[in-house]
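Chemist: Following this line is work04.tsv, made up of TSV, C-alpha atoms:
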chain	number	residue	atom	x	y	z
A	562	MET	CA	0.00	0.00	0.00
A	563	LEU	CA	2.80	2.44	0.84
A	564	ASN	CA	4.57	1.63	-2.41
A	565	ASP	CA	1.32	2.43	-4.24
A	566	LEU	CA	1.13	5.72	-2.32
A	567	ASN	CA	4.74	6.49	-3.24
A	568	SER	CA	4.17	5.80	-6.96
A	569	VAL	CA	0.94	7.85	-7.01
A	570	SER	CA	2.64	10.76	-5.24
A	571	GLN	CA	5.50	10.66	-7.76
A	572	ARG	CA	3.08	10.66	-10.73
A	573	ILE	CA	1.24	13.74	-9.53
A	574	GLY	CA	4.41	15.54	-8.47
A	575	LEU	CA	4.20	15.18	-4.67
A	576	LYS	CA	7.15	14.14	-2.59
A	577	MET	CA	6.93	12.33	0.71
A	578	ASN	CA	9.30	13.59	3.37
A	579	MET	CA	10.86	10.32	4.50
A	580	ASP	CA	12.42	11.96	7.57
A	581	LYS	CA	8.97	12.90	8.88
A	582	THR	CA	7.14	9.74	7.80
A	583	LYS	CA	6.69	7.29	10.68
A	584	ILE	CA	4.91	3.95	11.07
A	585	MET	CA	2.80	2.75	14.01
A	586	PHE	CA	1.38	-0.74	14.41
A	587	ASN	CA	-1.62	-1.71	16.49
A	588	VAL	CA	-2.05	-5.03	18.32
A	589	HIS	CA	-3.77	-6.63	15.31
A	590	VAL	CA	-0.78	-6.25	12.97
A	591	THR	CA	2.57	-7.98	13.22
A	592	PRO	CA	5.29	-5.30	13.17
A	593	MET	CA	7.63	-5.59	10.21
A	594	PRO	CA	9.99	-3.26	8.36
A	595	VAL	CA	8.37	-0.99	5.78
A	596	VAL	CA	10.51	0.30	2.94
A	597	VAL	CA	9.41	3.07	0.58
A	598	GLY	CA	11.77	3.60	-2.30
A	599	ASN	CA	15.18	3.08	-0.72
A	600	THR	CA	14.17	4.35	2.72
A	601	LYS	CA	13.22	2.17	5.67
A	602	LEU	CA	10.51	3.95	7.67
A	603	GLU	CA	10.94	4.39	11.41
A	604	VAL	CA	8.58	2.40	13.66
A	605	VAL	CA	7.37	4.45	16.65
A	606	ASP	CA	5.04	3.97	19.62
A	607	GLU	CA	3.94	7.62	19.58
A	608	TYR	CA	4.46	10.83	17.65
A	609	VAL	CA	3.29	14.43	17.59
A	610	TYR	CA	0.69	15.10	14.91
A	611	LEU	CA	-1.04	18.49	14.54
A	612	GLY	CA	0.32	19.56	17.90
A	613	GLN	CA	-0.85	16.55	19.94
A	614	ILE	CA	0.75	13.27	20.98
A	615	VAL	CA	-0.75	10.29	19.15
A	616	ARG	CA	-0.52	6.82	20.73
A	617	LEU	CA	-2.46	3.68	19.90
A	618	GLY	CA	-4.38	1.84	22.59
A	619	LYS	CA	-3.13	3.89	25.53
A	620	SER	CA	-4.41	6.97	27.27
A	621	ASN	CA	-2.02	9.77	26.45
A	622	PHE	CA	-3.84	12.59	28.22
A	623	ASP	CA	-1.50	12.70	31.24
A	624	ARG	CA	1.52	13.01	28.97
A	625	GLU	CA	-0.26	15.59	26.83
A	626	VAL	CA	-1.16	17.68	29.90
A	627	ASN	CA	2.49	17.63	31.00
A	628	ARG	CA	3.59	18.52	27.47
A	629	ARG	CA	1.11	21.42	27.27
A	630	ILE	CA	2.31	22.76	30.64
A	631	GLN	CA	5.90	22.56	29.41
A	632	LEU	CA	4.99	24.39	26.19
A	633	GLY	CA	3.09	27.00	28.22
A	634	TRP	CA	6.17	27.64	30.34
A	635	ALA	CA	8.25	27.94	27.17
A	636	ALA	CA	5.86	30.58	25.80
A	637	PHE	CA	5.84	32.34	29.18
A	638	GLY	CA	9.64	32.24	29.31
A	639	LYS	CA	9.96	33.91	25.93
A	640	LEU	CA	7.84	36.78	27.27
A	641	ARG	CA	9.34	36.86	30.77
A	642	HIS	CA	11.07	40.20	30.17
A	643	ILE	CA	7.64	41.73	29.49
A	644	PHE	CA	5.92	40.00	32.41
A	645	SER	CA	8.61	41.19	34.82
A	646	SER	CA	8.64	44.75	33.46
A	647	GLY	CA	6.80	47.73	34.85
A	648	ILE	CA	4.05	47.83	32.23
A	649	PRO	CA	0.46	47.90	33.54
A	650	GLN	CA	-0.98	44.60	34.76
A	651	THR	CA	-3.86	44.84	32.27
A	652	LEU	CA	-1.40	44.60	29.37
A	653	LYS	CA	0.39	41.67	31.00
A	654	THR	CA	-2.95	39.91	31.44
A	655	ARG	CA	-3.86	40.52	27.81
A	656	LEU	CA	-0.51	39.17	26.67
A	657	TYR	CA	-0.92	36.08	28.86
A	658	THR	CA	-4.46	35.50	27.59
A	659	GLN	CA	-3.41	35.88	23.95
A	660	CYS	CA	0.00	34.13	23.93
A	661	VAL	CA	0.31	31.67	26.82
A	662	LEU	CA	-3.19	30.42	27.60
A	663	PRO	CA	-3.90	29.21	24.03
A	664	VAL	CA	-0.67	27.18	24.07
A	665	MET	CA	-1.70	25.47	27.30
A	666	THR	CA	-5.28	24.79	26.18
A	667	TYR	CA	-4.67	23.72	22.57
A	668	GLY	CA	-6.51	20.49	21.85
A	669	THR	CA	-8.23	20.29	25.23
A	670	GLU	CA	-11.58	19.84	23.50
A	671	THR	CA	-10.65	16.21	22.87
A	672	TRP	CA	-9.20	15.37	26.29
A	673	SER	CA	-11.00	13.53	29.05
A	674	PHE	CA	-10.35	15.42	32.26
A	675	THR	CA	-9.83	14.17	35.76
A	676	ALA	CA	-9.47	16.31	38.85
A	677	GLY	CA	-5.73	15.58	38.89
A	678	ARG	CA	-5.17	16.72	35.31
A	679	MET	CA	-7.14	19.91	35.91
A	680	ARG	CA	-5.23	20.54	39.14
A	681	LYS	CA	-1.89	20.29	37.30
A	682	LEU	CA	-3.00	22.93	34.81
A	683	LYS	CA	-4.32	25.21	37.56
A	684	VAL	CA	-1.08	24.90	39.58
A	685	ALA	CA	0.97	25.85	36.50
A	686	GLN	CA	-1.29	28.82	35.83
A	687	ARG	CA	-1.02	30.02	39.44
A	688	ALA	CA	2.76	29.80	39.27
A	689	MET	CA	2.76	31.92	36.12
A	690	GLU	CA	0.46	34.46	37.76
A	691	ARG	CA	2.79	34.68	40.75
A	692	ALA	CA	5.73	35.22	38.39
A	693	MET	CA	3.81	38.00	36.63
A	694	LEU	CA	3.22	39.76	39.93
A	695	GLY	CA	6.74	39.12	41.21
A	696	VAL	CA	5.54	37.29	44.33
A	697	SER	CA	6.63	33.92	45.66
A	698	LEU	CA	4.95	31.22	47.71
A	699	ARG	CA	6.80	32.58	50.75
A	700	ASP	CA	4.74	35.77	50.51
A	701	LYS	CA	1.71	33.63	51.45
A	702	LEU	CA	-0.78	35.45	49.25
A	703	ARG	CA	-4.10	33.70	48.81
A	704	ASN	CA	-5.01	32.47	45.33
A	705	GLU	CA	-8.08	34.71	45.33
A	706	ASP	CA	-5.90	37.77	45.99
A	707	ILE	CA	-3.55	36.84	43.17
A	708	ARG	CA	-6.47	36.29	40.77
A	709	SER	CA	-8.06	39.62	41.71
A	710	ARG	CA	-4.76	41.38	40.94
A	711	THR	CA	-4.02	39.61	37.65
A	712	ARG	CA	-7.60	39.20	36.41
A	713	VAL	CA	-6.48	36.25	34.27
A	714	THR	CA	-9.11	33.87	32.90
A	715	ASP	CA	-9.17	30.68	34.94
A	716	ILE	CA	-7.81	27.84	32.85
A	717	ALA	CA	-10.61	25.50	33.98
A	718	GLN	CA	-13.22	27.98	32.74
A	719	ARG	CA	-11.37	28.39	29.46
A	720	ILE	CA	-11.23	24.63	28.94
A	721	SER	CA	-14.91	24.11	29.74
A	722	LYS	CA	-15.79	26.93	27.32
A	723	LEU	CA	-13.67	25.30	24.59
A	724	LYS	CA	-15.27	21.91	25.21
A	725	TRP	CA	-18.77	23.32	24.79
A	726	GLN	CA	-18.07	25.38	21.64
Step by step, read the file and then write its structure as structure tokens.

Modeler:
Amino acid sequence: MLNDLNSVSQRIGLKMNMDKTKIMFNVHVTPMPVVVGNTKLEVVDEYVYLGQIVRLGKSNFDREVNRRIQLGWAAFGKLRHIFSSGIPQTLKTRLYTQCVLPVMTYGTETWSFTAGRMRKLKVAQRAMERAMLGVSLRDKLRNEDIRSRTRVTDIAQRISKLKWQ
């Protein structure tokens, strides 16, 4: 089948990127090497497709939540000089809502949520809010006080809104 795909793609002028092409097998297929042209395709257990981890037969939501938190921190880190600057908090909140929150919530419409997964996302968001305000856990500010100062959309509300759209 892949050789047919390769010959069809060559006839119509498309090229397959063999470095990006991967193969996954489910439990109903015996794994074996697949060669397209002169290239042996890599067999993987999971891969990232359209921004989400794809795995067969296993729940990947815990890993995806961790990955989204990591990507959210990366986006936050790129903007850290702005978040730690003296610009008004309303602009920081807007920047967070437009640049960081979408990274953390991408694809959440398809996830099944548990209290633990939601808690992980909320903890990460609170840590980012504290960093925006320049306060630490030692300052012992209540979460409600932090939220009233940052006025950031709660990630749980954002996710539930995305799930219902």

Chemist: For range 597-608 of chain A, list every protein, DNA or RNA residue within 8 Å, evaluated using all atoms listed in the file, and leave out those in the same chain fewer than 2 positions away; present the list as an NGL selection string.

Modeler: :A and (563-564 or 567 or 579 or 582-586 or 594-595 or 610 or 614-617)

Chemist: Using all atoms listed in the file, pick whichever of A:Val626, A:Val713, A:Ala636, A:Val590 has the shortest atom-to-atom distance to Lys653 in chain A.

Modeler: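 Looking only at the distances to Lys653 in chain A, the closest residue turns out to be A:Val713.
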
Chemist: Work out how far apart CA of Arg708 in chain A and CA of Glu690 in chain A are and give it in Å to one decimal.

Modeler: 7.8 Å

Chemist: Please report the interatomic distance between CA of Phe622 in chain A and CA of Phe674 in chain A in Å with one decimal.

Modeler: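 Distance between the two atoms: 8.2 Å.
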
Chemist: Pick out the residues sitting within 12 Å of Arg678 in chain A, and hand them over as a PDB file with C-alpha atoms, in the frame of the given file; count only C-alpha atoms, and ignore anything fewer than 4 positions along from it in its own chain.

Modeler:
ATOM      1  CA  ASN A 621      -2.020   9.770  26.450  1.00  0.00           C
ATOM      2  CA  PHE A 622      -3.840  12.590  28.220  1.00  0.00           C
ATOM      3  CA  ASP A 623      -1.500  12.700  31.240  1.00  0.00           C
ATOM      4  CA  ARG A 624       1.520  13.010  28.970  1.00  0.00           C
ATOM      5  CA  GLU A 625      -0.260  15.590  26.830  1.00  0.00           C
ATOM      6  CA  VAL A 626      -1.160  17.680  29.900  1.00  0.00           C
ATOM      7  CA  ASN A 627       2.490  17.630  31.000  1.00  0.00           C
ATOM      8  CA  ARG A 628       3.590  18.520  27.470  1.00  0.00           C
ATOM      9  CA  ARG A 629       1.110  21.420  27.270  1.00  0.00           C
ATOM     10  CA  ILE A 630       2.310  22.760  30.640  1.00  0.00           C
ATOM     11  CA  THR A 669      -8.230  20.290  25.230  1.00  0.00           C
ATOM     12  CA  TRP A 672      -9.200  15.370  26.290  1.00  0.00           C
ATOM     13  CA  SER A 673     -11.000  13.530  29.050  1.00  0.00           C
ATOM     14  CA  PHE A 674     -10.350  15.420  32.260  1.00  0.00           C
ATOM     15  CA  LEU A 682      -3.000  22.930  34.810  1.00  0.00           C
ATOM     16  CA  LYS A 683      -4.320  25.210  37.560  1.00  0.00           C
ATOM     17  CA  VAL A 684      -1.080  24.900  39.580  1.00  0.00           C
ATOM     18  CA  ALA A 685       0.970  25.850  36.500  1.00  0.00           C
ATOM     19  CA  ILE A 716      -7.810  27.840  32.850  1.00  0.00           C
ATOM     20  CA  ALA A 717     -10.610  25.500  33.980  1.00  0.00           C
ATOM     21  CA  ILE A 720     -11.230  24.630  28.940  1.00  0.00           C
TER      22      ILE A 720
END
